[in-house]
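A.B. asks: One structure, as structure tokens, below. Some questions next.
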Amino acid sequence: MATKIDLIKLHHPEAPKILIEPPGPRAKELLEKQKKFEGNPVLYPRMIPLVPDEGLGATIKDVDGNVYIDFFSGISVLNFGHSNPYILEKAITQLKKIAHTLDFPTEAREALAERLVKIAPGGLKNKSKVIFGGPSGSDAVEGAIKLAKWITKRRPIIAFEGSYHGQTAMSLNLSSARKFKDPYVPLAPEVYFLPYAYCYRCPFKLEYPKCNVRCADYVEHVLEDPYSGIPTPAAIIVEPIQGEGGVIVPPDEFLQRLRRISEKYNVPLIIDEIQSGMGRTGKWFACEHYNVTPDIMPIAKSIGGIGLPLAGVVYREDFDVWEPGAHIGTFRGNVVAMAAGVAAIDFAEEYGLLDHVKKLGEEALKFLVDLCKESKYIGEVRGKGLMIGVEFVKDKESKEPFSDFVSKLVLETFKRGVIVWKAGHYGNVARFLPPLIITEELLMKGLEIFKDTVLKLEKEYASVS
Ligand SMILES: Cc1ncc(COP(=O)(O)O)c(C=O)c1O
């Protein structure tokens with residue numbers, strides 16, 4: 001079925017189209033209503049006044065009829081597009097049959113478990129187990145950590161600076177941003193943060209490749225030295241590309257060396273593919289770019305196919321020593337999301353979506369690298385597939401982060417019909433995570449608007465400074 005489809009038909013034909021500067025009248029009403037009834041933690045509408053009404057492929061229509069190109073996919077939840085008809089049909093069929101089954105087997109549940117084991121990376125392929133617990137990525141991270149603790153009987157965890165693993169107590173503890181943690185510490189104790197290979201801002205002030213990947217050496221150092229002060233950990237948890245941290249792509253050797261170190265010291269390696277997985281980088285999982293197999297891999301976001309909440313943990317068969325009920329939740333997987341997940345994998349395979357992502361990702365990266373040469377404030381462009389970050393600095397020499405520029409850029413680009421988002425240690429990275437089914441034409445249209453907005457804003461800043 002999917003081979004016959006024309007990707008163009010999945011999107012709103014007129015995108016982008018701005019009829020009225022957002023927020024339009026209906027959007028204003030709903031934003032006011034939100035302020036009245038929802039609590040203060042609401043965040044995203046403070047940055048762009050988007051009030052979505054309808055999603056179609058890589059486009060979103062707002063309640064006043066404006067149509068945007070979506071370069072964000074609800075943070076990589078909609079890899080297969082908004083309302084993809086091929087997936088939607090399967091989800092609706094399942095919803096009409098049965099929606100909630102705890103962990104009793106169903107056709108959809110077992111089909112998804114089988115598909116996930118088949119597309120699992122490296123040595124996990126056809127040799128892993130899957131569990132479904134709660135519906136969020138944070139829950140999958142909790143599950144992954146609990147499994148590592150169960151197996152090793154140890155408690156400490158090594159995580160990395162710049163990481164994001166979620167918001168529940170344990171996953172929050174593993175996330176690095178002070179703003180999320182300060183109100184709640186102490187959380188789960190014994191998490192140690194080590195430097196990630198963020199080469200643009202090397203924590204050791206070295207240069208790759210002369211540095212010989214000092215970040216990896218440092219991990220080995222703390223495990224080897226009996227006086228490092230870090231107890232023997234239950235796990236090392238790492239994102240293969242840091243998403244919230246600013247789309248930080250480490251050199252290949254970083255993950256490869258972590259793999260070797262974790263084997264040498266007998267510490268399970270957890271690779272968090274929640275944001276980078278499900279085809280986002282042009283491979284099913286980003287760790288495949290480095291030929292590295294995780295011992296334990298939390299997944300979530302796009303595995304629910306069409307934006308339905310679903311999370312899971314894929315792990316080595318020989319790690320399956322958990323007791324029944326060891327990681328559970330009321331939902332234990334959502335069978336409608338599972339049917340959608342199966343349809344999404346089928347769709348991607350039949351369409352050859354991974355090759356499409358690779359091709360479009362290379363074009364987008366080239367376009368943005370060219371823009372970097374022209375731009376006064378773009379310090380670095382990096383990414384794999386359709387997971388791309390553009391880091392803005394006030395000055396290319398000092399690399400002082402330019403966060404205000406990015407906030408303004410996100411808003412101005414939105415007003416012109418393209419949704420991009422912020423990330424990074426300093427909020428100075430524009431992040432691109434478009435639905436993978438985006439067409440080349442839509443992608444380039446959106447990128448041209450982004451470029452135009454960057455150059456226009458740069459002129460405005462130059463005229464006032
Ligand atoms: C790498 C990574 N891990 C974990 C999470 C947490 O997922 P959730 O927000 O579904 O709890 C996220 C969310 O952005 C993420 O990017």
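As shown in the structure tokens, the chain order sets the letters A, B, ...; within each chain, residues go from 1, and ligands are also counted from 1 in the order they appear.
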Within 9 Å of ligand 1, counting only C-alpha atoms and all ligand atoms: which residues, as number ranges by chain?

C.D. replies: A: 75-77, 135-141, 163-168, 171, 175, 238-244, 272-276, 298-301, 309-311

A.B. asks: Could you turn the residues from that selection into a file that holds C-alpha atoms, as a PDB file, in the first residue's frame?

C.D. replies:
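And here's result_26.pdb as it stands now:
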ATOM      1  CA  ILE A  75       9.608  17.012  19.659  1.00  0.00           C
ATOM      2  CA  SER A  76      10.040  14.067  17.330  1.00  0.00           C
ATOM      3  CA  VAL A  77       6.743  12.410  18.257  1.00  0.00           C
ATOM      4  CA  PRO A 135       3.391   5.773  28.249  1.00  0.00           C
ATOM      5  CA  SER A 136       6.212   8.334  28.564  1.00  0.00           C
ATOM      6  CA  GLY A 137       9.895   8.352  27.714  1.00  0.00           C
ATOM      7  CA  SER A 138      10.657   9.147  31.348  1.00  0.00           C
ATOM      8  CA  ASP A 139       9.025   5.881  32.333  1.00  0.00           C
ATOM      9  CA  ALA A 140      11.119   3.976  29.801  1.00  0.00           C
ATOM     10  CA  VAL A 141      14.238   5.576  31.311  1.00  0.00           C
ATOM     11  CA  SER A 163      21.744  15.209  28.930  1.00  0.00           C
ATOM     12  CA  TYR A 164      17.970  15.092  29.006  1.00  0.00           C
ATOM     13  CA  HIS A 165      16.258  11.890  30.073  1.00  0.00           C
ATOM     14  CA  GLY A 166      12.899  13.087  31.393  1.00  0.00           C
ATOM     15  CA  GLN A 167      11.027  14.549  34.319  1.00  0.00           C
ATOM     16  CA  THR A 168      10.134  11.790  36.758  1.00  0.00           C
ATOM     17  CA  SER A 171      15.001  10.433  35.096  1.00  0.00           C
ATOM     18  CA  SER A 175      18.931  15.225  33.448  1.00  0.00           C
ATOM     19  CA  VAL A 238      23.970   8.271  27.174  1.00  0.00           C
ATOM     20  CA  GLU A 239      22.120   9.867  24.269  1.00  0.00           C
ATOM     21  CA  PRO A 240      23.794   8.953  20.960  1.00  0.00           C
ATOM     22  CA  ILE A 241      23.036  12.521  19.852  1.00  0.00           C
ATOM     23  CA  GLN A 242      22.005  14.911  22.610  1.00  0.00           C
ATOM     24  CA  GLY A 243      18.664  16.462  21.669  1.00  0.00           C
ATOM     25  CA  GLU A 244      17.650  18.952  24.354  1.00  0.00           C
ATOM     26  CA  ASP A 272      18.581   6.515  25.174  1.00  0.00           C
ATOM     27  CA  GLU A 273      16.991   6.566  21.693  1.00  0.00           C
ATOM     28  CA  ILE A 274      13.818   8.303  22.779  1.00  0.00           C
ATOM     29  CA  GLN A 275      14.424  11.394  20.633  1.00  0.00           C
ATOM     30  CA  SER A 276      16.983  10.091  18.133  1.00  0.00           C
ATOM     31  CA  PRO A 298      14.676   3.065  26.159  1.00  0.00           C
ATOM     32  CA  ILE A 299      12.389   4.184  23.307  1.00  0.00           C
ATOM     33  CA  ALA A 300       9.240   6.315  23.187  1.00  0.00           C
ATOM     34  CA  LYS A 301       7.917   9.370  21.283  1.00  0.00           C
ATOM     35  CA  PRO A 309       1.738   7.917  23.877  1.00  0.00           C
ATOM     36  CA  LEU A 310       3.758   4.740  24.068  1.00  0.00           C
ATOM     37  CA  ALA A 311       7.162   3.828  25.492  1.00  0.00           C
TER      38      ALA A 311
END

A.B. asks: Could you pull the residues within 12 Å of Gly389 of chain A, counting only C-alpha atoms, minus those fewer than 3 positions along the same chain, as a ChimeraX atom specification?

C.D. replies: /A:71-72,241-249,361,364-365,368-369,372,378-386,392,406,420-424,427-434

A.B. asks: As a PyMOL selection string, please: all residues of segment 74-148 of chain A that backbone DSSP puts in helix (DSSP H, G or I).

C.D. replies: chain A and resi 74-76+85-97+107-119+122-124+137-148

A.B. asks: Just want the 7 Å neighbourhood of segment 113-126 of chain A, counted on only C-alpha atoms, with same-chain residues fewer than 5 positions away dropped. Output as an MDAnalysis selection string.

C.D. replies: chainID A and resid 284:285 288 291:293 316

A.B. asks: Please, could you write that set of residues out with N, CA and C atoms as a compact mmCIF listing (two decimals), in the first residue's frame?

C.D. replies:
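Contents of the output file selection08.txt:
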# COMPACT_ATOMS: atom_id res chain seq x y z
N TRP A 284 17.21 3.36 11.80
CA TRP A 284 16.14 3.19 12.79
C TRP A 284 16.57 3.77 14.13
N PHE A 285 17.84 3.54 14.50
CA PHE A 285 18.34 4.08 15.77
C PHE A 285 19.70 4.74 15.53
N GLU A 288 23.24 3.16 15.47
CA GLU A 288 23.70 2.38 14.32
C GLU A 288 24.73 3.15 13.49
N ASN A 291 27.88 2.00 14.80
CA ASN A 291 28.02 0.54 14.94
C ASN A 291 28.14 0.11 16.40
N VAL A 292 27.34 0.72 17.24
CA VAL A 292 27.39 0.41 18.66
C VAL A 292 26.05 -0.18 19.08
N THR A 293 26.09 -1.27 19.83
CA THR A 293 24.86 -1.90 20.32
C THR A 293 24.69 -1.59 21.81
N ARG A 316 19.01 -6.72 26.01
CA ARG A 316 19.63 -8.01 25.68
C ARG A 316 18.82 -9.18 26.25

A.B. asks: Taking the chain letters and numbering used in this document, name the residues of segment 84-332 of chain A that DSSP puts in strand (DSSP E), as a VMD selection string.

C.D. replies: chain A and resid 128 to 131 157 to 160 191 to 194 235 to 238 269 to 271 296 to 299 312 to 316

A.B. asks: Tell me which of A:Glu161, A:Asp370, A:Glu110, A:Asp355 sits closest to Arg280 of chain A, counting only C-alpha atoms.

C.D. replies: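 Under the stated criterion, the closest residue is A:Asp355.
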
A.B. asks: Give me, please, the distance in Å between atom CA of Val219 of chain A and atom CA of Tyr426 of chain A, quoted to one decimal.

C.D. replies: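 Straight-line distance from atom CA of Val219 of chain A to atom CA of Tyr426 of chain A works out to 24.4 Å.
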
A.B. asks: What is the atom CA of Met444 of chain A to atom CA of Val418 of chain A distance in Å?

C.D. replies: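 Atom CA of Met444 of chain A sits 11.3 Å away from atom CA of Val418 of chain A.
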
A.B. asks: Of the residues A:Lys127, A:Val51, A:Ile345, A:Gly329, which is the one nearest to Asp295 of chain A, using only C-alpha atoms?

C.D. replies: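 That would be A:Lys127, the residue with the smallest distance to Asp295 of chain A.
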
A.B. asks: Of the candidates A:Leu206, A:Ile145, A:Leu56, A:Ala216, which one gets nearest to His327 of chain A if we count only C-alpha atoms?

C.D. replies: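 For His327 of chain A, the nearest of the given residues is A:Ile145.
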
A.B. asks: Using only C-alpha atoms, which of A:Ser83, A:Ser403, A:Asn66, A:Ser128 sits nearest Glu317 of chain A?

C.D. replies: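 For Glu317 of chain A, the nearest of the given residues is A:Ser128.
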
A.B. asks: So, counting only C-alpha atoms, which residue among A:Pro16, A:Pro233, A:Gly143, A:Gly277 is closest to Tyr265 of chain A?

C.D. replies: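 Smallest distance to Tyr265 of chain A is found for A:Pro233.
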
A.B. asks: Quote the spacing between atom CA of Arg332 of chain A and atom CA of Phe132 of chain A in Å to one decimal place.

C.D. replies: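 Between atom CA of Arg332 of chain A and atom CA of Phe132 of chain A the gap works out to 5.1 Å.
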